[in-house]
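Source file run_20.pdb; content: PDB, C-alpha atoms.
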ATOM      1  CA  MET P 171       1.353   4.101  -3.575  1.00  0.00           C
ATOM      2  CA  ALA P 172       1.272   7.782  -3.957  1.00  0.00           C
ATOM      3  CA  ASP P 173      -0.041   9.967  -6.753  1.00  0.00           C
ATOM      4  CA  ALA P 174      -2.085   7.199  -8.358  1.00  0.00           C
ATOM      5  CA  GLU P 175      -4.103   9.775 -10.264  1.00  0.00           C
ATOM      6  CA  ALA P 176      -1.210  12.009 -11.257  1.00  0.00           C
ATOM      7  CA  PRO P 177      -0.617  12.765 -14.946  1.00  0.00           C
ATOM      8  CA  ALA P 178       1.466  10.356 -16.949  1.00  0.00           C
ATOM      9  CA  PRO P 179       5.239  10.766 -16.469  1.00  0.00           C
ATOM     10  CA  LYS P 180       7.192  12.921 -18.870  1.00  0.00           C
ATOM     11  CA  ARG P 181       8.683  11.128 -21.853  1.00  0.00           C
ATOM     12  CA  SER P 182      12.209  11.739 -20.553  1.00  0.00           C
ATOM     13  CA  ASP P 183      11.335   9.825 -17.368  1.00  0.00           C
ATOM     14  CA  LEU P 184       9.718   6.883 -19.121  1.00  0.00           C
ATOM     15  CA  GLY P 185      12.910   4.872 -19.679  1.00  0.00           C
ATOM     16  CA  PRO P 186      14.262   5.008 -16.114  1.00  0.00           C
ATOM     17  CA  ARG P 187      10.744   4.611 -14.718  1.00  0.00           C
ATOM     18  CA  THR P 188      10.094   1.473 -16.760  1.00  0.00           C
ATOM     19  CA  ALA P 189      13.492  -0.048 -15.988  1.00  0.00           C
ATOM     20  CA  SER P 190      13.072   0.633 -12.269  1.00  0.00           C
ATOM     21  CA  ALA P 191       9.601  -0.933 -12.297  1.00  0.00           C
ATOM     22  CA  VAL P 192      10.907  -4.083 -13.992  1.00  0.00           C
ATOM     23  CA  VAL P 193      13.715  -4.423 -11.441  1.00  0.00           C
ATOM     24  CA  MET P 194      11.358  -3.837  -8.501  1.00  0.00           C
ATOM     25  CA  ILE P 195       8.857  -6.413  -9.736  1.00  0.00           C
ATOM     26  CA  ALA P 196      11.600  -8.972 -10.434  1.00  0.00           C
ATOM     27  CA  VAL P 197      13.264  -8.583  -7.028  1.00  0.00           C
ATOM     28  CA  ALA P 198      10.019  -8.487  -5.036  1.00  0.00           C
ATOM     29  CA  GLY P 199       8.488 -11.342  -7.023  1.00  0.00           C
ATOM     30  CA  THR P 200      11.546 -13.561  -6.572  1.00  0.00           C
ATOM     31  CA  ALA P 201      11.667 -12.901  -2.824  1.00  0.00           C
ATOM     32  CA  LEU P 202       7.937 -13.592  -2.484  1.00  0.00           C
ATOM     33  CA  TRP P 203       8.182 -16.811  -4.477  1.00  0.00           C
ATOM     34  CA  LEU P 204      11.118 -18.111  -2.429  1.00  0.00           C
ATOM     35  CA  GLY P 205       9.549 -17.120   0.879  1.00  0.00           C
ATOM     36  CA  GLY P 206      11.227 -18.062   4.151  1.00  0.00           C
ATOM     37  CA  MET P 207      14.288 -16.096   5.178  1.00  0.00           C
ATOM     38  CA  VAL P 208      14.623 -14.558   1.727  1.00  0.00           C
ATOM     39  CA  TRP P 209      11.192 -12.929   2.020  1.00  0.00           C
ATOM     40  CA  THR P 210      11.835 -11.927   5.627  1.00  0.00           C
ATOM     41  CA  LEU P 211      15.137 -10.291   4.677  1.00  0.00           C
ATOM     42  CA  PHE P 212      13.522  -8.523   1.725  1.00  0.00           C
ATOM     43  CA  VAL P 213      10.705  -7.135   3.878  1.00  0.00           C
ATOM     44  CA  ALA P 214      13.227  -6.087   6.544  1.00  0.00           C
ATOM     45  CA  LEU P 215      15.339  -4.198   4.004  1.00  0.00           C
ATOM     46  CA  VAL P 216      12.343  -2.435   2.475  1.00  0.00           C
ATOM     47  CA  SER P 217      11.036  -1.578   5.948  1.00  0.00           C
ATOM     48  CA  ALA P 218      14.414  -0.143   6.909  1.00  0.00           C
ATOM     49  CA  GLY P 219      14.429   1.958   3.738  1.00  0.00           C
ATOM     50  CA  VAL P 220      10.921   3.241   4.386  1.00  0.00           C
ATOM     51  CA  MET P 221      11.844   4.042   7.977  1.00  0.00           C
ATOM     52  CA  TRP P 222      14.863   6.049   6.800  1.00  0.00           C
ATOM     53  CA  GLU P 223      12.593   8.045   4.504  1.00  0.00           C
ATOM     54  CA  TRP P 224      10.048   8.487   7.296  1.00  0.00           C
ATOM     55  CA  ILE P 225      12.725   9.956   9.567  1.00  0.00           C
ATOM     56  CA  ARG P 226      13.893  12.225   6.746  1.00  0.00           C
ATOM     57  CA  ILE P 227      10.360  13.566   6.181  1.00  0.00           C
ATOM     58  CA  ALA P 228       9.659  13.949   9.900  1.00  0.00           C
ATOM     59  CA  ARG P 229      12.894  15.866  10.379  1.00  0.00           C
ATOM     60  CA  ALA P 230      11.978  18.292   7.592  1.00  0.00           C
ATOM     61  CA  GLY P 231       8.419  18.808   8.804  1.00  0.00           C
ATOM     62  CA  THR P 232       8.903  18.829  12.568  1.00  0.00           C
ATOM     63  CA  PRO P 233      11.452  21.279  14.014  1.00  0.00           C
ATOM     64  CA  HIS P 234      11.001  20.367  17.688  1.00  0.00           C
ATOM     65  CA  PRO P 235      13.233  17.419  18.760  1.00  0.00           C
ATOM     66  CA  VAL P 236      10.610  15.931  21.095  1.00  0.00           C
ATOM     67  CA  ALA P 237       7.994  15.985  18.353  1.00  0.00           C
ATOM     68  CA  ARG P 238      10.499  14.384  16.000  1.00  0.00           C
ATOM     69  CA  GLY P 239      11.077  11.623  18.519  1.00  0.00           C
ATOM     70  CA  LEU P 240       7.346  10.956  18.759  1.00  0.00           C
ATOM     71  CA  TRP P 241       7.051  10.892  14.976  1.00  0.00           C
ATOM     72  CA  ASN P 242       9.944   8.450  14.734  1.00  0.00           C
ATOM     73  CA  ALA P 243       8.444   6.213  17.425  1.00  0.00           C
ATOM     74  CA  GLY P 244       5.149   6.244  15.554  1.00  0.00           C
ATOM     75  CA  GLY P 245       6.966   5.322  12.366  1.00  0.00           C
ATOM     76  CA  ILE P 246       8.607   2.340  14.033  1.00  0.00           C
ATOM     77  CA  VAL P 247       5.199   1.066  15.113  1.00  0.00           C
ATOM     78  CA  TYR P 248       3.509   1.801  11.786  1.00  0.00           C
ATOM     79  CA  VAL P 249       6.202   0.383   9.524  1.00  0.00           C
ATOM     80  CA  GLY P 250       7.105  -2.410  11.941  1.00  0.00           C
ATOM     81  CA  VAL P 251       3.557  -3.760  12.271  1.00  0.00           C
ATOM     82  CA  ALA P 252       3.056  -3.599   8.508  1.00  0.00           C
ATOM     83  CA  GLY P 253       6.329  -5.407   7.819  1.00  0.00           C
ATOM     84  CA  LEU P 254       5.666  -8.128  10.388  1.00  0.00           C
ATOM     85  CA  THR P 255       2.197  -8.623   8.900  1.00  0.00           C
ATOM     86  CA  LEU P 256       3.701  -9.264   5.465  1.00  0.00           C
ATOM     87  CA  VAL P 257       6.083 -11.811   6.970  1.00  0.00           C
ATOM     88  CA  GLU P 258       3.258 -13.502   8.903  1.00  0.00           C
ATOM     89  CA  LEU P 259       1.021 -13.639   5.837  1.00  0.00           C
ATOM     90  CA  ARG P 260       3.727 -15.297   3.741  1.00  0.00           C
ATOM     91  CA  GLY P 261       4.430 -17.826   6.478  1.00  0.00           C
ATOM     92  CA  ALA P 262       0.789 -18.871   6.839  1.00  0.00           C
ATOM     93  CA  ASP P 263      -0.857 -21.725   4.949  1.00  0.00           C
ATOM     94  CA  GLY P 264      -1.361 -20.516   1.400  1.00  0.00           C
ATOM     95  CA  GLY P 265       0.834 -17.544   2.251  1.00  0.00           C
ATOM     96  CA  LEU P 266       1.941 -16.906  -1.321  1.00  0.00           C
ATOM     97  CA  HIS P 267      -1.657 -16.485  -2.441  1.00  0.00           C
ATOM     98  CA  LEU P 268      -2.528 -14.377   0.602  1.00  0.00           C
ATOM     99  CA  VAL P 269       0.235 -11.867  -0.108  1.00  0.00           C
ATOM    100  CA  LEU P 270      -0.546 -11.812  -3.821  1.00  0.00           C
ATOM    101  CA  THR P 271      -4.219 -11.184  -3.014  1.00  0.00           C
ATOM    102  CA  VAL P 272      -3.441  -8.225  -0.753  1.00  0.00           C
ATOM    103  CA  VAL P 273      -0.873  -6.747  -3.134  1.00  0.00           C
ATOM    104  CA  GLY P 274      -3.150  -7.348  -6.123  1.00  0.00           C
ATOM    105  CA  ALA P 275      -6.054  -5.570  -4.418  1.00  0.00           C
ATOM    106  CA  VAL P 276      -3.854  -2.571  -3.583  1.00  0.00           C
ATOM    107  CA  ILE P 277      -2.569  -2.386  -7.164  1.00  0.00           C
ATOM    108  CA  ALA P 278      -6.149  -2.682  -8.445  1.00  0.00           C
ATOM    109  CA  THR P 279      -7.099   0.212  -6.173  1.00  0.00           C
ATOM    110  CA  ASP P 280      -4.401   2.416  -7.711  1.00  0.00           C
ATOM    111  CA  ILE P 281      -5.324   1.450 -11.261  1.00  0.00           C
ATOM    112  CA  GLY P 282      -9.056   1.867 -10.700  1.00  0.00           C
ATOM    113  CA  ALA P 283      -8.551   5.229  -8.992  1.00  0.00           C
ATOM    114  CA  TYR P 284      -6.262   6.445 -11.770  1.00  0.00           C
ATOM    115  CA  PHE P 285      -8.583   5.645 -14.650  1.00  0.00           C
ATOM    116  CA  ALA P 286     -11.813   6.636 -12.891  1.00  0.00           C
ATOM    117  CA  GLY P 287     -10.262   9.909 -11.771  1.00  0.00           C
ATOM    118  CA  ARG P 288      -9.020  10.754 -15.257  1.00  0.00           C
ATOM    119  CA  THR P 289     -12.251   9.666 -16.926  1.00  0.00           C
ATOM    120  CA  PHE P 290     -14.857  11.208 -14.632  1.00  0.00           C
ATOM    121  CA  GLY P 291     -12.942  13.837 -12.659  1.00  0.00           C
ATOM    122  CA  GLY P 292     -15.261  15.723 -10.351  1.00  0.00           C
ATOM    123  CA  PRO P 293     -14.892  17.056  -6.802  1.00  0.00           C
ATOM    124  CA  LYS P 294     -11.567  16.647  -5.034  1.00  0.00           C
ATOM    125  CA  ILE P 295     -11.393  14.757  -1.747  1.00  0.00           C
ATOM    126  CA  ALA P 296      -8.749  16.878  -0.043  1.00  0.00           C
ATOM    127  CA  PRO P 297      -7.142  19.279  -2.554  1.00  0.00           C
ATOM    128  CA  ARG P 298      -4.771  20.793   0.008  1.00  0.00           C
ATOM    129  CA  ILE P 299      -3.263  17.380   0.712  1.00  0.00           C
ATOM    130  CA  SER P 300      -3.461  15.648  -2.667  1.00  0.00           C
ATOM    131  CA  PRO P 301      -4.824  17.871  -5.459  1.00  0.00           C
ATOM    132  CA  SER P 302      -5.236  15.016  -7.933  1.00  0.00           C
ATOM    133  CA  LYS P 303      -7.421  12.718  -5.797  1.00  0.00           C
ATOM    134  CA  THR P 304     -11.153  12.793  -6.576  1.00  0.00           C
ATOM    135  CA  TRP P 305     -14.203  11.071  -5.138  1.00  0.00           C
ATOM    136  CA  SER P 306     -14.733   9.372  -8.485  1.00  0.00           C
ATOM    137  CA  GLY P 307     -11.193   8.021  -8.257  1.00  0.00           C
ATOM    138  CA  LEU P 308     -11.864   6.631  -4.800  1.00  0.00           C
ATOM    139  CA  LEU P 309     -15.037   4.916  -6.017  1.00  0.00           C
ATOM    140  CA  GLY P 310     -13.128   3.555  -9.005  1.00  0.00           C
ATOM    141  CA  GLY P 311     -10.449   2.148  -6.713  1.00  0.00           C
ATOM    142  CA  MET P 312     -13.057   0.579  -4.437  1.00  0.00           C
ATOM    143  CA  THR P 313     -14.810  -0.996  -7.416  1.00  0.00           C
ATOM    144  CA  ALA P 314     -11.584  -2.398  -8.845  1.00  0.00           C
ATOM    145  CA  ALA P 315     -10.437  -3.903  -5.536  1.00  0.00           C
ATOM    146  CA  ALA P 316     -13.904  -5.372  -4.928  1.00  0.00           C
ATOM    147  CA  ALA P 317     -13.866  -6.908  -8.412  1.00  0.00           C
ATOM    148  CA  VAL P 318     -10.448  -8.483  -7.811  1.00  0.00           C
ATOM    149  CA  LEU P 319     -11.461 -10.156  -4.545  1.00  0.00           C
ATOM    150  CA  ALA P 320     -14.836 -11.252  -5.910  1.00  0.00           C
ATOM    151  CA  GLY P 321     -13.128 -12.624  -9.019  1.00  0.00           C
ATOM    152  CA  LEU P 322     -10.665 -14.614  -6.925  1.00  0.00           C
ATOM    153  CA  THR P 323     -13.579 -16.054  -4.960  1.00  0.00           C
ATOM    154  CA  LEU P 324     -15.324 -17.127  -8.152  1.00  0.00           C
ATOM    155  CA  TYR P 325     -12.083 -18.709  -9.343  1.00  0.00           C
ATOM    156  CA  ALA P 326     -11.685 -20.533  -6.019  1.00  0.00           C
ATOM    157  CA  ALA P 327     -15.131 -22.059  -6.533  1.00  0.00           C
ATOM    158  CA  ARG P 328     -13.547 -24.258  -9.212  1.00  0.00           C
ATOM    159  CA  VAL P 329     -11.295 -25.904  -6.617  1.00  0.00           C
ATOM    160  CA  PRO P 330     -12.568 -29.289  -5.376  1.00  0.00           C
ATOM    161  CA  GLY P 331     -14.208 -28.906  -1.996  1.00  0.00           C
ATOM    162  CA  LEU P 332     -14.980 -25.203  -2.468  1.00  0.00           C
ATOM    163  CA  ALA P 333     -17.985 -25.562  -4.750  1.00  0.00           C
ATOM    164  CA  GLY P 334     -20.739 -23.145  -3.812  1.00  0.00           C
ATOM    165  CA  ILE P 335     -18.391 -20.522  -2.396  1.00  0.00           C
ATOM    166  CA  GLU P 336     -19.321 -18.238  -5.293  1.00  0.00           C
ATOM    167  CA  ARG P 337     -22.609 -17.491  -3.516  1.00  0.00           C
ATOM    168  CA  MET P 338     -20.569 -15.662  -0.873  1.00  0.00           C
ATOM    169  CA  ALA P 339     -18.540 -13.576  -3.340  1.00  0.00           C
ATOM    170  CA  TRP P 340     -20.190 -10.392  -2.084  1.00  0.00           C
ATOM    171  CA  ILE P 341     -18.308 -10.728   1.225  1.00  0.00           C
ATOM    172  CA  PRO P 342     -14.789 -10.604  -0.327  1.00  0.00           C
ATOM    173  CA  ALA P 343     -16.062  -7.822  -2.595  1.00  0.00           C
ATOM    174  CA  LEU P 344     -17.025  -5.817   0.498  1.00  0.00           C
ATOM    175  CA  TYR P 345     -13.614  -6.486   2.034  1.00  0.00           C
ATOM    176  CA  GLY P 346     -12.002  -5.342  -1.201  1.00  0.00           C
ATOM    177  CA  ALA P 347     -13.896  -2.049  -1.129  1.00  0.00           C
ATOM    178  CA  LEU P 348     -12.883  -1.474   2.493  1.00  0.00           C
ATOM    179  CA  LEU P 349      -9.288  -2.393   1.680  1.00  0.00           C
ATOM    180  CA  ALA P 350      -9.296   0.227  -1.077  1.00  0.00           C
ATOM    181  CA  VAL P 351     -10.418   2.913   1.379  1.00  0.00           C
ATOM    182  CA  VAL P 352      -7.597   1.980   3.751  1.00  0.00           C
ATOM    183  CA  ALA P 353      -5.060   1.987   0.900  1.00  0.00           C
ATOM    184  CA  GLN P 354      -6.193   5.430  -0.227  1.00  0.00           C
ATOM    185  CA  ALA P 355      -6.028   6.662   3.372  1.00  0.00           C
ATOM    186  CA  GLY P 356      -2.398   5.524   3.487  1.00  0.00           C
ATOM    187  CA  ASP P 357      -1.762   7.423   0.271  1.00  0.00           C
ATOM    188  CA  PHE P 358      -3.276  10.583   1.757  1.00  0.00           C
ATOM    189  CA  PHE P 359      -1.327  10.144   4.978  1.00  0.00           C
ATOM    190  CA  GLU P 360       2.002  10.045   3.166  1.00  0.00           C
ATOM    191  CA  SER P 361       0.988  13.000   0.986  1.00  0.00           C
ATOM    192  CA  TRP P 362       0.122  14.952   4.123  1.00  0.00           C
ATOM    193  CA  MET P 363       3.504  14.123   5.669  1.00  0.00           C
ATOM    194  CA  LYS P 364       5.323  15.290   2.542  1.00  0.00           C
ATOM    195  CA  ARG P 365       3.351  18.527   2.368  1.00  0.00           C
ATOM    196  CA  ARG P 366       4.251  19.289   5.980  1.00  0.00           C
ATOM    197  CA  ALA P 367       7.879  18.669   5.119  1.00  0.00           C
ATOM    198  CA  GLY P 368       7.744  20.598   1.832  1.00  0.00           C
ATOM    199  CA  VAL P 369       9.073  17.683  -0.240  1.00  0.00           C
ATOM    200  CA  LYS P 370       7.725  16.145  -3.436  1.00  0.00           C
ATOM    201  CA  ASP P 371       9.051  12.601  -2.984  1.00  0.00           C
ATOM    202  CA  SER P 372      10.022  10.616   0.088  1.00  0.00           C
ATOM    203  CA  SER P 373      13.485  10.249  -1.476  1.00  0.00           C
ATOM    204  CA  ARG P 374      15.173   9.763  -4.853  1.00  0.00           C
ATOM    205  CA  LEU P 375      16.103   6.176  -4.173  1.00  0.00           C
ATOM    206  CA  ILE P 376      14.211   4.706  -7.143  1.00  0.00           C
ATOM    207  CA  PRO P 377      14.858   6.395 -10.510  1.00  0.00           C
ATOM    208  CA  GLY P 378      11.613   7.777 -11.902  1.00  0.00           C
ATOM    209  CA  HIS P 379       9.565   6.624  -8.903  1.00  0.00           C
ATOM    210  CA  GLY P 380      10.777   8.646  -5.932  1.00  0.00           C
ATOM    211  CA  GLY P 381      11.259   6.655  -2.759  1.00  0.00           C
ATOM    212  CA  LEU P 382      10.166   3.350  -1.254  1.00  0.00           C
ATOM    213  CA  PHE P 383       7.549   5.077   0.889  1.00  0.00           C
ATOM    214  CA  ASP P 384       6.056   6.567  -2.285  1.00  0.00           C
ATOM    215  CA  ARG P 385       5.658   3.100  -3.764  1.00  0.00           C
ATOM    216  CA  VAL P 386       4.266   1.224  -0.749  1.00  0.00           C
ATOM    217  CA  ASP P 387       2.222   3.837   1.136  1.00  0.00           C
ATOM    218  CA  GLY P 388      -1.102   2.139   0.376  1.00  0.00           C
ATOM    219  CA  LEU P 389       0.240  -1.352   1.065  1.00  0.00           C
ATOM    220  CA  LEU P 390       1.699  -0.129   4.358  1.00  0.00           C
ATOM    221  CA  SER P 391      -1.631   1.172   5.623  1.00  0.00           C
ATOM    222  CA  VAL P 392      -3.466  -2.001   4.580  1.00  0.00           C
ATOM    223  CA  CYS P 393      -0.905  -4.279   6.247  1.00  0.00           C
ATOM    224  CA  PHE P 394      -0.876  -2.073   9.354  1.00  0.00           C
ATOM    225  CA  VAL P 395      -4.657  -2.411   9.739  1.00  0.00           C
ATOM    226  CA  LEU P 396      -4.501  -6.154   9.043  1.00  0.00           C
ATOM    227  CA  GLY P 397      -1.761  -6.424  11.661  1.00  0.00           C
ATOM    228  CA  LEU P 398      -3.890  -4.628  14.247  1.00  0.00           C
ATOM    229  CA  PHE P 399      -6.772  -7.023  13.541  1.00  0.00           C
ATOM    230  CA  TYR P 400      -4.428  -9.987  13.920  1.00  0.00           C
ATOM    231  CA  ILE P 401      -3.112  -8.663  17.238  1.00  0.00           C
ATOM    232  CA  ALA P 402      -6.669  -8.093  18.482  1.00  0.00           C
ATOM    233  CA  LEU P 403      -7.758 -11.592  17.455  1.00  0.00           C
ATOM    234  CA  LYS P 404      -4.678 -13.141  19.048  1.00  0.00           C
ATOM    235  CA  ALA P 405      -5.353 -11.263  22.293  1.00  0.00           C
ATOM    236  CA  GLN P 406      -8.858 -12.746  22.306  1.00  0.00           C
ATOM    237  CA  GLY P 407      -7.475 -16.236  21.740  1.00  0.00           C
ATOM    238  CA  TYR P 408      -8.858 -16.673  18.205  1.00  0.00           C
ATOM    239  CA  THR P 409      -5.483 -17.472  16.575  1.00  0.00           C
TER     240      THR P 409
END
Let me see the file written as structure tokens.
Amino acid sequence: MADAEAPAPKRSDLGPRTASAVVMIAVAGTALWLGGMVWTLFVALVSAGVMWEWIRIARAGTPHPVARGLWNAGGIVYVGVAGLTLVELRGADGGLHLVLTVVGAVIATDIGAYFAGRTFGGPKIAPRISPSKTWSGLLGGMTAAAAVLAGLTLYAARVPGLAGIERMAWIPALYGALLAVVAQAGDFFESWMKRRAGVKDSSRLIPGHGGLFDRVDGLLSVCFVLGLFYIALKAQGYT
């Protein structure tokens, strides 16, 4: 989710931006709630849209046709693994809560990074790639994601049969902090791609928000890493 620490949108963009956000949340939330083929179709459509934007950016930033082909192949793997992971998570036991937990942690990362970056400022992480991202923002995002996962663990302790789990809340908190780093890395990766291509947004598909890739860059990287872990565990016979 790119530009989490960017300045607030101009007033003229606020209406379309708000309306687009409401529509996106309504459509995604309905698909997630229904699950099954509806969720699979939704993820497939979003993945296809992101892949179209990926190809567009790669074409603008990579003149050589062979290099473009390699970029496109990498995009298929990256976006494909992330999309399949979202489908697998929703289809698992407690899948609705699993997806909401991952998405909630990514959103918390963006919010924490935004407010910490604006409040504390400080040294930039990689100004040539993303001028607005600071180390304080990264720490704020890590703290927010850790708090979300720890809070969910404390809430789960109220469920019969899970009493005492609150003593292990530091483990989900650690996972949340690591998840935030991965999400921010995905943000930087997309920013780097766009800078190579000389474009501001991945597309103009979503009024006031840019493209799909702009909105899900952090979630993509998190789901890609989760997917790699799942594949590794499955290869070892643990799933």
* What do you get, as an MDAnalysis selection string, if you spell out every residue that the PyMOL selection byres ((chain P and resi 385-402) around 9) selects here? -> chainID P and resid 171:172 220 247:256 272:273 276:277 280 349:350 352:360 379:384 403:409
* What lies within 9 Å of segment 226-243 of chain P using only C-alpha atoms, ignoring chain neighbours under 3 positions off, as a ChimeraX atom specification? -> /P:221-223,246-248,363-369,372-373
* To do: Compile the contact shell of segment 195-207 of chain P as a list in words: residues with an atom at most 12 Å away, counting only C-alpha atoms, same-chain residues fewer than 4 positions apart removed.
  => Thr188, Ala189, Ser190, Ala191, Leu211, Phe212, Val213, Ala214, Leu215, Val216, Leu256, Val257, Glu258, Leu259, Arg260, Gly261, Ala262, Gly264, Gly265, Leu266, His267, Leu268, Val269, Leu270, Val273 and Arg385 of chain P
* Structure fact -> What separates atom CA of Ala316 of chain P and atom CA of Lys294 of chain P is a distance of 22.1 Å
* Expected selection from the PyMOL selection byres ((chain P and resi 308) around 8), given as a list in words -> Ala283, Gly287, Lys303, Thr304, Trp305, Ser306, Gly307, Leu309, Gly310, Gly311, Met312, Ala350, Val351 and Gln354 of chain P
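The coordinates place atom CA of Ala327 of chain P at 22.6 Å from atom CA of Leu348 of chain P.
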* Gly274 of chain P surroundings by only C-alpha atoms, 9 Å radius, close-in-sequence under 4 positions cut, as a PyMOL selection string -> chain P and resi 269-270+278-279+315+318-319
* **One-decimal distance in Å that lies between atom CA of Pro186 of chain P and atom CA of Pro301 of chain P** => 25.4 Å
Centre and edge lengths of an axis-aligned box around all listed atoms of segment 310-317 of chain P, with 3 Å added on each side, are to be given in Å to one decimal, as lines of an AutoDock Vina configuration file.
center_x = -12.6
center_y = -1.7
center_z = -6.7
size_x = 10.4
size_y = 16.5
size_z = 10.6
* Which of P:Ala339, P:Ala347, P:Gly291, P:Gly245 sits closest to Tyr325 of chain P [using all atoms listed in the file] ->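 Looking at the shortest contact to Tyr325 of chain P, the residue is P:Ala339.
Using all atoms listed in the file, the residues found no farther than 10 Å from Thr323 of chain P, other than those of its own chain fewer than 4 positions away, are P:Ala317, P:Val318, P:Leu319, P:Ala327, P:Arg328, P:Leu332, P:Ile335, P:Glu336, P:Arg337, P:Met338, P:Ala339, P:Trp340, P:Ile341, P:Pro342, P:Ala343.
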